[in-house]
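The next block is coords.cif, given as mmCIF, C-alpha atoms.
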```cif
data_entry
#
loop_
_atom_site.label_atom_id
_atom_site.label_comp_id
_atom_site.auth_asym_id
_atom_site.auth_seq_id
_atom_site.Cartn_x
_atom_site.Cartn_y
_atom_site.Cartn_z
CA MET A 1 148.97 124.29 206.63
CA ASN A 2 147.99 127.80 207.55
CA LYS A 3 150.05 129.06 204.67
CA LEU A 4 148.14 126.74 202.22
CA ILE A 5 144.84 127.99 203.54
CA GLU A 6 145.94 131.58 203.21
CA LEU A 7 147.23 130.86 199.68
CA PHE A 8 143.86 129.27 198.70
CA LYS A 9 141.97 132.21 200.08
CA ALA A 10 144.20 134.59 198.18
CA ASN A 11 143.76 132.66 194.88
CA ARG A 12 140.31 131.13 195.46
CA PHE A 13 138.76 132.18 192.14
CA THR A 14 141.70 130.99 190.05
CA THR A 15 141.83 127.61 191.82
CA ILE A 16 138.09 126.93 191.39
CA SER A 17 138.26 127.87 187.68
CA TRP A 18 141.05 125.40 187.00
CA GLY A 19 139.21 122.67 188.92
CA VAL A 20 136.04 123.10 186.87
CA THR A 21 138.07 123.12 183.66
CA ALA A 22 139.77 119.88 184.61
CA LEU A 23 136.39 118.21 185.31
CA LEU A 24 135.05 119.29 181.89
CA VAL A 25 138.09 117.91 180.10
CA VAL A 26 137.72 114.55 181.84
CA ALA A 27 133.99 114.40 180.95
CA LEU A 28 134.63 115.17 177.27
CA LEU A 29 137.38 112.57 177.02
CA GLY A 30 135.13 109.97 178.63
CA SER A 31 132.30 110.71 176.17
CA ALA A 32 134.64 110.40 173.20
CA VAL A 33 135.90 107.01 174.35
CA TRP A 34 132.31 105.74 174.91
CA TRP A 35 131.11 106.93 171.47
CA THR A 36 134.04 105.26 169.72
CA GLN A 37 133.34 101.93 171.42
CA ALA A 38 129.60 102.10 170.70
CA GLY A 39 130.20 102.81 167.00
CA SER A 40 132.61 99.90 166.58
CA ALA A 41 130.02 97.50 168.06
CA SER A 42 127.72 97.88 164.95
CA PRO A 43 129.19 96.28 161.77
CA ALA A 44 129.37 98.56 158.74
CA THR A 45 127.08 97.76 155.80
CA ARG A 46 129.05 95.88 153.15
CA LEU A 47 128.63 97.31 149.63
CA GLU A 48 127.45 94.80 147.02
CA PRO A 49 128.20 95.08 143.29
CA THR A 50 125.26 95.93 141.02
CA ALA A 51 123.71 92.83 139.43
CA ARG A 52 123.76 92.41 135.65
CA PRO A 53 120.34 92.12 133.86
CA ASP A 54 120.75 88.33 133.66
CA GLN A 55 121.50 87.95 137.38
CA ASN A 56 119.26 87.89 140.41
CA LEU A 57 119.37 90.86 142.78
CA PRO A 58 121.93 90.39 145.61
CA SER A 59 120.69 89.82 149.11
CA VAL A 60 121.57 92.96 151.06
CA SER A 61 121.24 93.34 154.83
CA MET A 62 119.66 96.66 155.54
CA PRO A 63 120.64 98.63 158.67
CA ALA A 64 118.24 98.56 161.53
CA VAL A 65 115.56 101.22 161.35
CA ALA A 66 114.83 103.08 164.54
CA THR A 67 111.29 102.63 165.75
CA SER A 68 109.12 105.64 166.29
CA SER A 69 108.13 106.83 169.72
CA ALA A 70 105.48 109.10 171.07
CA SER A 71 108.02 111.92 171.38
CA SER A 72 109.12 111.71 167.69
CA PRO A 73 106.29 110.45 165.43
CA THR A 74 107.31 109.10 162.01
CA ILE A 75 105.56 107.71 158.91
CA PRO A 76 106.54 104.05 158.34
CA ARG A 77 107.59 103.01 154.79
CA GLN A 78 108.36 99.54 153.54
CA LEU A 79 111.79 99.37 151.93
CA GLN A 80 112.13 97.49 148.62
CA LEU A 81 114.98 96.94 146.20
CA LYS A 82 112.80 96.51 143.08
CA THR A 83 112.25 99.34 140.59
CA ILE A 84 108.69 99.52 139.29
CA ILE A 85 108.71 100.28 135.55
CA PRO A 86 105.47 101.74 134.07
CA THR A 87 103.77 99.31 131.64
CA ASP A 88 101.44 101.77 129.93
CA GLU A 89 104.08 103.17 127.59
CA PRO A 90 102.79 103.45 123.99
CA ARG A 91 103.97 100.73 121.62
CA LEU A 92 106.01 102.08 118.70
CA HIS A 93 106.82 98.95 116.70
CA PRO A 94 104.85 96.03 115.23
CA ILE A 95 104.78 92.70 117.05
CA SER A 96 103.79 89.18 116.05
CA TYR A 97 100.83 87.30 117.43
CA THR A 98 100.07 83.60 116.93
CA THR A 99 96.34 82.88 116.78
CA GLN A 100 94.86 80.44 119.27
CA GLY A 101 91.76 78.28 119.22
CA GLY A 102 88.71 80.47 119.76
CA ASP A 103 90.39 83.65 118.48
CA GLY A 104 88.48 86.06 116.28
CA LEU A 105 89.61 89.22 114.57
CA GLN A 106 87.36 91.39 116.74
CA GLY A 107 88.72 89.95 119.97
CA ILE A 108 92.35 90.16 118.86
CA ALA A 109 91.87 93.79 117.84
CA GLN A 110 90.31 94.64 121.22
CA ASP A 111 93.22 93.01 123.05
CA PHE A 112 95.64 95.36 121.26
CA ASN A 113 93.36 98.45 121.32
CA LEU A 114 93.10 98.48 117.54
CA LYS A 115 90.35 98.51 114.94
CA PRO A 116 89.87 95.11 113.25
CA ASN A 117 90.57 96.57 109.81
CA SER A 118 94.02 97.74 110.94
CA ILE A 119 94.98 94.08 111.37
CA LEU A 120 93.42 93.18 108.02
CA TYR A 121 95.32 95.99 106.29
CA SER A 122 98.69 94.77 107.52
CA ASN A 123 98.25 91.03 106.90
CA LYS A 124 97.62 88.86 103.86
CA ILE A 125 94.51 87.03 105.03
CA PRO A 126 92.88 85.13 102.13
CA TYR A 127 90.04 87.13 100.58
CA ASP A 128 90.43 89.66 103.44
CA ASP A 129 88.01 87.36 105.24
CA PRO A 130 88.71 87.05 109.00
CA MET A 131 86.98 83.68 109.02
CA ASN A 132 90.00 82.34 107.12
CA LEU A 133 92.12 82.74 110.27
CA LYS A 134 93.20 79.42 111.74
CA PRO A 135 94.99 78.47 114.96
CA GLY A 136 98.73 78.84 114.47
CA ASP A 137 98.51 81.70 111.96
CA VAL A 138 101.07 84.42 112.72
CA LEU A 139 99.68 87.95 112.48
CA THR A 140 101.61 91.20 112.36
CA ILE A 141 100.06 93.59 114.87
CA PRO A 142 100.68 97.27 114.07
CA PRO A 143 101.42 99.60 117.00
CA ILE A 144 98.50 101.94 116.19
CA ASP A 145 95.57 102.07 113.80
CA GLY A 146 96.67 102.34 110.20
CA ILE A 147 98.69 100.16 107.84
CA LEU A 148 102.25 98.87 107.76
CA TYR A 149 104.02 99.37 104.43
CA LYS A 150 107.42 98.25 103.09
CA TRP A 151 109.11 101.18 101.38
CA GLN A 152 109.85 100.72 97.66
CA ASP A 153 112.17 102.43 95.19
CA GLY A 154 110.69 105.71 93.99
CA ASP A 155 108.35 106.12 96.96
CA THR A 156 107.88 109.55 98.49
CA LEU A 157 106.03 110.65 101.60
CA GLN A 158 103.36 112.43 99.57
CA LYS A 159 102.93 109.54 97.15
CA ILE A 160 102.47 106.95 99.92
CA ALA A 161 100.25 109.25 101.97
CA ASP A 162 97.96 109.71 98.96
CA LYS A 163 97.99 105.97 98.21
CA PHE A 164 96.82 105.04 101.71
CA LYS A 165 94.67 108.16 102.34
CA ALA A 166 96.92 109.38 105.13
CA LYS A 167 98.85 112.57 105.97
CA PRO A 168 102.58 112.94 105.19
CA ASP A 169 103.23 114.69 108.50
CA ASP A 170 101.70 111.79 110.43
CA ILE A 171 104.13 109.39 108.74
CA LEU A 172 107.06 111.73 109.28
CA ASN A 173 106.33 112.42 112.94
CA PHE A 174 105.42 108.92 114.14
CA PRO A 175 108.25 108.09 116.62
CA GLY A 176 108.39 104.42 115.68
CA ASN A 177 109.40 105.29 112.10
CA ASP A 178 112.58 106.92 113.43
CA ILE A 179 112.84 109.34 110.51
CA ASP A 180 115.48 112.07 110.63
CA LEU A 181 113.43 115.26 110.39
CA THR A 182 116.43 117.20 109.11
CA ASN A 183 116.90 114.72 106.26
CA PRO A 184 113.70 112.67 105.87
CA GLN A 185 115.02 109.89 103.67
CA ILE A 186 113.60 106.37 104.03
CA LYS A 187 115.64 103.39 102.88
CA THR A 188 114.12 100.88 100.49
CA GLY A 189 112.81 97.84 102.36
CA THR A 190 112.10 99.73 105.57
CA VAL A 191 108.73 98.84 107.14
CA VAL A 192 106.97 102.13 107.82
CA MET A 193 103.88 102.74 109.93
CA ILE A 194 101.25 104.78 108.07
CA PRO A 195 99.09 106.21 110.89
CA GLY A 196 95.42 106.26 109.88
CA GLY A 197 96.25 104.66 106.54
CA LYS A 198 93.91 102.23 104.83
CA ARG A 199 93.70 100.09 101.73
CA GLU A 200 90.79 98.70 99.78
CA LEU A 201 89.46 95.43 101.16
CA ILE A 202 87.75 92.83 99.00
CA ASP A 203 84.07 93.84 98.92
CA TYR A 204 81.52 91.11 98.37
CA THR A 205 78.60 93.56 98.32
CA PRO A 206 77.95 93.17 94.56
CA ASN A 207 77.70 89.41 95.07
CA LEU A 208 75.49 89.37 98.15
CA PRO A 209 72.42 87.68 96.55
CA THR A 210 72.40 84.03 97.56
CA ASN A 211 72.36 82.71 94.00
CA SER A 212 75.67 84.43 93.19
CA ARG A 213 77.62 84.12 96.45
CA VAL A 214 81.34 83.32 96.23
CA ASN A 215 82.13 79.72 97.18
CA ASN A 216 85.55 80.41 98.68
CA GLY A 217 85.20 78.18 101.73
CA SER A 218 84.68 80.96 104.24
CA THR A 219 81.70 81.50 106.46
CA GLY A 220 79.56 84.46 105.49
CA THR A 221 80.46 84.61 101.80
CA SER A 222 79.85 81.09 100.47
CA ASP A 223 76.73 79.51 99.06
CA PHE A 224 74.85 76.45 100.24
CA ALA A 225 71.56 75.04 99.04
CA GLY A 226 68.49 75.16 101.25
CA ASN A 227 65.22 73.31 100.60
CA SER A 228 62.88 75.60 98.68
CA SER A 229 60.15 72.96 98.40
CA CYS A 230 58.90 73.36 101.99
CA PRO A 231 55.28 74.68 101.84
CA GLY A 232 53.58 77.30 103.99
CA VAL A 233 56.25 79.84 104.91
CA VAL A 234 55.44 81.58 108.20
CA GLY A 235 55.42 85.40 108.14
CA PRO A 236 55.71 88.21 108.00
CA VAL A 237 58.06 88.98 110.89
CA ASP A 238 58.15 92.29 112.76
CA ASN A 239 61.67 93.23 111.58
CA SER A 240 63.15 92.25 114.93
CA PHE A 241 64.85 89.07 116.04
CA GLY A 242 65.74 87.57 119.39
CA PHE A 243 69.23 86.48 120.34
CA PRO A 244 69.78 82.84 119.35
CA THR A 245 72.46 82.41 122.05
CA LEU A 246 72.52 82.58 125.84
CA GLN A 247 75.27 85.22 125.70
CA HIS A 248 74.58 88.51 123.97
CA TRP A 249 78.00 89.74 122.83
CA ILE A 250 80.39 89.42 119.90
CA SER A 251 83.20 86.97 120.63
CA GLY A 252 84.83 86.88 117.21
CA ASN A 253 84.14 88.78 114.02
CA ASP A 254 81.52 91.49 113.61
CA TYR A 255 79.49 92.25 110.49
CA THR A 256 81.67 93.67 107.69
CA PRO A 257 81.66 93.55 103.87
CA THR A 258 84.01 90.56 104.16
CA HIS A 259 82.15 88.82 106.99
CA LEU A 260 78.43 88.86 106.35
CA GLY A 261 77.25 87.86 109.80
CA ILE A 262 78.16 88.16 113.46
CA ASP A 263 80.02 85.70 115.68
CA LEU A 264 78.07 85.42 118.92
CA ALA A 265 79.72 84.10 122.07
CA ALA A 266 78.73 80.55 122.95
CA ASN A 267 80.34 77.73 124.84
CA ALA A 268 80.53 74.28 123.33
CA ASN A 269 77.10 72.60 123.44
CA ASP A 270 75.26 75.73 124.60
CA PRO A 271 71.68 75.58 123.26
CA ILE A 272 71.00 77.56 120.08
CA SER A 273 67.45 78.79 119.54
CA ALA A 274 65.52 80.16 116.57
CA ALA A 275 65.80 83.96 116.40
CA ALA A 276 62.30 84.13 114.90
CA ALA A 277 59.50 81.73 113.97
CA GLY A 278 59.72 80.02 110.60
CA ILE A 279 60.22 76.87 108.60
CA VAL A 280 63.53 75.00 108.53
CA THR A 281 64.77 75.00 104.95
CA MET A 282 68.13 73.41 105.71
CA ALA A 283 69.60 71.25 108.48
CA GLN A 284 72.79 69.75 107.14
CA GLY A 285 76.04 68.36 108.52
CA GLY A 286 79.49 68.50 106.97
CA TYR A 287 81.92 71.27 105.99
CA ASN A 288 79.40 73.21 103.86
CA TYR A 289 81.88 75.75 102.47
CA GLY A 290 83.13 76.56 105.96
CA TYR A 291 79.74 76.81 107.70
CA GLY A 292 80.08 73.33 109.20
CA ASN A 293 76.87 71.88 110.64
CA VAL A 294 74.32 74.51 109.64
CA VAL A 295 70.62 75.30 110.00
CA GLU A 296 68.71 77.75 107.79
CA ILE A 297 65.24 79.01 108.66
CA ASP A 298 62.83 80.83 106.35
CA ASN A 299 61.23 83.44 108.62
CA GLY A 300 58.80 84.84 106.06
CA ASN A 301 58.55 88.23 104.37
CA GLY A 302 61.75 87.48 102.46
CA TYR A 303 63.84 86.86 105.60
CA LEU A 304 66.16 83.91 106.24
CA THR A 305 68.30 83.26 109.32
CA VAL A 306 71.43 81.11 109.26
CA TYR A 307 73.04 79.32 112.24
CA ALA A 308 76.53 77.93 111.54
CA HIS A 309 79.36 75.92 113.19
CA LEU A 310 76.85 73.89 115.23
CA ASN A 311 78.11 70.88 117.13
CA SER A 312 74.77 69.23 116.39
CA TYR A 313 71.25 70.19 115.30
CA THR A 314 67.86 68.98 116.49
CA VAL A 315 65.56 70.00 113.61
CA SER A 316 64.81 68.69 110.12
CA PRO A 317 64.01 70.38 106.81
CA CYS A 318 60.40 71.59 106.46
CA GLU A 319 59.92 71.54 110.25
CA ILE A 320 58.04 74.51 111.71
CA VAL A 321 59.78 76.16 114.66
CA GLN A 322 58.73 78.95 116.99
CA ARG A 323 60.88 81.82 118.18
CA GLY A 324 63.10 80.58 121.05
CA ALA A 325 62.80 76.90 120.11
CA ILE A 326 66.09 74.98 120.43
CA ILE A 327 67.37 74.06 116.97
CA GLY A 328 70.85 72.80 117.90
CA TYR A 329 73.91 73.19 120.06
CA ALA A 330 76.96 75.41 119.63
CA GLY A 331 80.24 74.04 118.35
CA ALA A 332 83.24 74.74 116.12
CA THR A 333 82.55 72.68 113.01
CA GLY A 334 83.57 73.89 109.56
CA ASN A 335 85.95 76.83 109.30
CA ALA A 336 86.02 77.90 112.96
CA THR A 337 88.82 78.40 115.48
CA GLY A 338 86.66 77.80 118.55
CA ALA A 339 83.12 77.32 119.76
CA HIS A 340 80.74 80.16 118.83
CA LEU A 341 77.69 80.79 116.68
CA HIS A 342 78.02 82.41 113.29
CA PHE A 343 74.64 84.05 112.74
CA GLU A 344 73.30 85.68 109.56
CA ILE A 345 70.14 87.45 108.53
CA ARG A 346 69.32 87.58 104.82
CA ARG A 347 66.53 89.53 103.19
CA ASN A 348 65.45 88.70 99.65
CA GLY A 349 68.66 86.75 99.18
CA ALA A 350 71.03 89.50 100.35
CA ASN A 351 72.76 89.68 103.70
CA VAL A 352 71.79 92.48 106.06
CA ASN A 353 73.43 93.69 109.25
CA PRO A 354 71.97 91.87 112.28
CA HIS A 355 72.67 94.93 114.43
CA ASP A 356 69.96 96.74 112.46
CA TYR A 357 67.44 94.20 113.76
CA GLY A 358 67.97 94.46 117.48
CA LEU A 359 71.03 92.26 117.93
#
```

Same coordinates, now as structure tokens:
Amino acid sequence: MNKLIELFKANRFTTISWGVTALLVVALLGSAVWWTQAGSASPATRLEPTARPDQNLPSVSMPAVATSSASSPTIPRQLQLKTIIPTDEPRLHPISYTTQGGDGLQGIAQDFNLKPNSILYSNKIPYDDPMNLKPGDVLTIPPIDGILYKWQDGDTLQKIADKFKAKPDDILNFPGNDIDLTNPQIKTGTVVMIPGGKRELIDYTPNLPTNSRVNNGSTGTSDFAGNSSCPGVVGPVDNSFGFPTLQHWISGNDYTPTHLGIDLAANANDPISAAAAGIVTMAQGGYNYGYGNVVEIDNGNGYLTVYAHLNSYTVSPCEIVQRGAIIGYAGATGNATGAHLHFEIRRNGANVNPHDYGL
């Protein structure tokens, strides 16, 4: 025993060093065993195959997310497996649209961020008159303002640009036309977008006087006979008119050379009032060349106002009415796709723009 003690004293430093080393080795081995067992307790995330476009997304169990603590603050974020695709990408190709009851050219154009004439240019609407649209009609909606054109034999970029008052470079560079800039050849029959292009629309301006209006069955261009025998026309008016409807906005077609009035928003059976004082020269039911049930008022000083597509009317010919008096109720009779009021102002037999008179 004394020899062991003397041996320890003689090799004290070496013995302590080996003892500490042995303890460290045991601690490291123990940690490794514990870590291995802890890792095997959590199941590995199983990889799922990517779903095809026609399949629903697979249900994937996400690994647990460690919660934040005061010692390690984090910003929480909700995980999601759905990719959000931007929807404001510009449209490059024409699409089809089927008209519904109550549709008007102005409203359709606004829905697609286009000018109304761009839809007229690219569609064969009878007489270029938007009032000839009916529910169920299929319209071609161009991607931008301009005109769609089917390429013909012998066409060239310059020729077509001149024809539709456009620029050749705009046709060439529009992405939807998919033209090879190194060899800008366009095949016959290809539908090409002509940005900013336009064509001549049928203009009824030379035939605006009432006694020579075109009886084509469309509101705003056809003739109908009022009663000219009513005595004592009220007037003159002050060149301004009140709104005949409760709502003061255009719901359908605006005033154009092919639509000689404005379509004011009105629900079915909303009251319709006289825009100015006058004498009723016409209150007539029926189709009336597309006007449907219609009232005409002589407002004096050469002015007439027309109220069309009424569901019913409450006045009679030769009756005197004051501004704001109810003359009927809104409807969709005649050539109309939905309830509204087609309103016209005529001066000396010719249609004038109601917007120039405060509407």

Dump as a tab-separated table the rows for residues of stretch 300-323 of chain A within 9 Å of stretch 332-346 of chain A: closest atom pair and distance in Å with one decimal, only C-alpha atoms counted, ordered by chain and rising residue number.
```
residue	atom	partner	partner_atom	distance
A:Gly302	CA	A:Arg346	CA	7.9
A:Tyr303	CA	A:Arg346	CA	5.6
A:Leu304	CA	A:Arg346	CA	5.0
A:Thr305	CA	A:Ile345	CA	4.6
A:Val306	CA	A:Glu344	CA	4.9
A:Tyr307	CA	A:Phe343	CA	5.0
A:Ala308	CA	A:His342	CA	5.0
A:His309	CA	A:Thr333	CA	4.6
A:Leu310	CA	A:Thr333	CA	6.2
A:Asn311	CA	A:Thr333	CA	6.3
```

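Taking atom CA of A:Asp356 as the reference point, atom CA of A:Glu319 is found at 27.2 Å.
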
What residues come out when you apply the PyMOL selection byres ((chain A and resi 260) around 7) to this file, written as a PyMOL selection string? chain A and resi 220-221+255-259+261+344+351

Name the residues, using the chain letters and numbers of the file, that sit within 6 Å of (100.0, 113.8, 101.5) when counting only C-alpha atoms, and give them as a count of residues only. 5

Just the residues within 10 Å of A:Ile160, please, counting all atoms listed in the file, with nothing from its chain fewer than 4 positions along; format it as a list in words.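 Counting only the stated atoms, we get Tyr149, Trp151, Gln152, Asp155, Thr156, Phe164, Lys165, Ala166, Lys167, Pro168, Ile171, Ile194 and Gly197 of chain A.
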
Taking a cut-off of 12 Å and counting all atoms listed in the file, can you build a table that, for each residue of stretch 160-212 of chain A near stretch 109-124 of chain A, reports the nearest atom pair and how far apart they are in Å (one decimal), sorted by chain then residue number, as a tab-separated table?
```
residue	atom	partner	partner_atom	distance
A:Phe164	CA	A:Tyr121	CA	10.3
A:Val191	CA	A:Ser122	CA	10.8
A:Val192	CA	A:Ser122	CA	11.1
A:Met193	CA	A:Ser122	CA	9.8
A:Ile194	CA	A:Ser122	CA	10.3
A:Pro195	CA	A:Ser118	CA	9.9
A:Gly196	CA	A:Ser118	CA	8.7
A:Gly197	CA	A:Ser118	CA	8.5
A:Lys198	CA	A:Tyr121	CA	6.6
A:Arg199	CA	A:Tyr121	CA	6.3
A:Glu200	CA	A:Tyr121	CA	8.4
A:Leu201	CA	A:Tyr121	CA	7.8
A:Ile202	CA	A:Leu120	CA	10.7
```

What does the distance from atom CA of A:Asn288 to atom CA of A:Asp129 come to in Å, to one decimal? 16.6 Å

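Atom CA of A:Lys187 to atom CA of A:Pro90 spans 24.7 Å [interatomic distance, one decimal].
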
Put the listed atoms of stretch 166-171 of chain A in a box along x, y and z with 5 Å added on every side and give me the centre and edge lengths in Å to one decimal, as JSON.
```
{"center_x": 100.5, "center_y": 112.0, "center_z": 107.8, "size_x": 17.2, "size_y": 15.3, "size_z": 15.3}
```

Can you turn the PyMOL selection byres ((chain A and resi 330) around 6) into a concrete residue list for this file, as a ChimeraX atom specification? /A:268-270,310-311,329,331

Restricting the calculation to all atoms listed in the file, which member of A:Pro244, A:Pro354, A:Gly349, A:Gly286 is positioned closest to A:Gly328?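 The shortest atom-to-atom distance to A:Gly328 comes from A:Pro244.
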
Among the residues A:Pro142, A:Val25, A:Gly252, A:Gly324, the one that comes closest to A:Asp103 [using only C-alpha atoms]: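 Looking only at the distances to A:Asp103, the closest residue turns out to be A:Gly252.
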
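For A:Gly278, the list of residues within 6 Å, based on all atoms listed in the file and with local chain neighbours fewer than 5 positions off taken out, reads Val234, Ile297, Asp298, Asn299, Ile320 and Val321 of chain A.
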
If you apply the PyMOL selection byres ((chain A and resi 105) around 6) to this file, what residues do you get, as a PyMOL selection string? chain A and resi 104+106-108+252-253

Option closest in space to A:Thr190, from A:Lys150, A:Arg91, A:Arg347, A:Lys134 [counting all atoms listed in the file]: A:Lys150

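Residue nearest A:Phe174, chosen from A:Leu148, A:Leu92, A:Ala325, A:Leu359 and counting all atoms listed in the file: A:Leu92.
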
Shortest interatomic distance to A:Ile186 - which of A:Ser273, A:Asp169, A:Asp153, A:Lys159, counting all atoms listed in the file: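 Looking at the shortest contact to A:Ile186, the residue is A:Asp153.
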
At a cut-off of 6 Å around the point (103.1, 95.1, 117.0) (file coordinates), what residues fall inside when counting only C-alpha atoms? I'd like the answer as an NGL selection string. :A and (93-95 or 141-143)

Would you pick out the contacts of A:Gln322 at 7 Å or less, using only C-alpha atoms, so that residues sharing its chain but fewer than 6 positions from it are not included, and give the list as a PDB file with C-alpha atoms, in the coordinates of the input?
```pdb
ATOM      1  CA  ALA A 274      65.520  80.160 116.570  1.00  0.00           C
ATOM      2  CA  ALA A 276      62.300  84.130 114.900  1.00  0.00           C
ATOM      3  CA  ALA A 277      59.500  81.730 113.970  1.00  0.00           C
ATOM      4  CA  GLY A 278      59.720  80.020 110.600  1.00  0.00           C
TER       5      GLY A 278
END
```
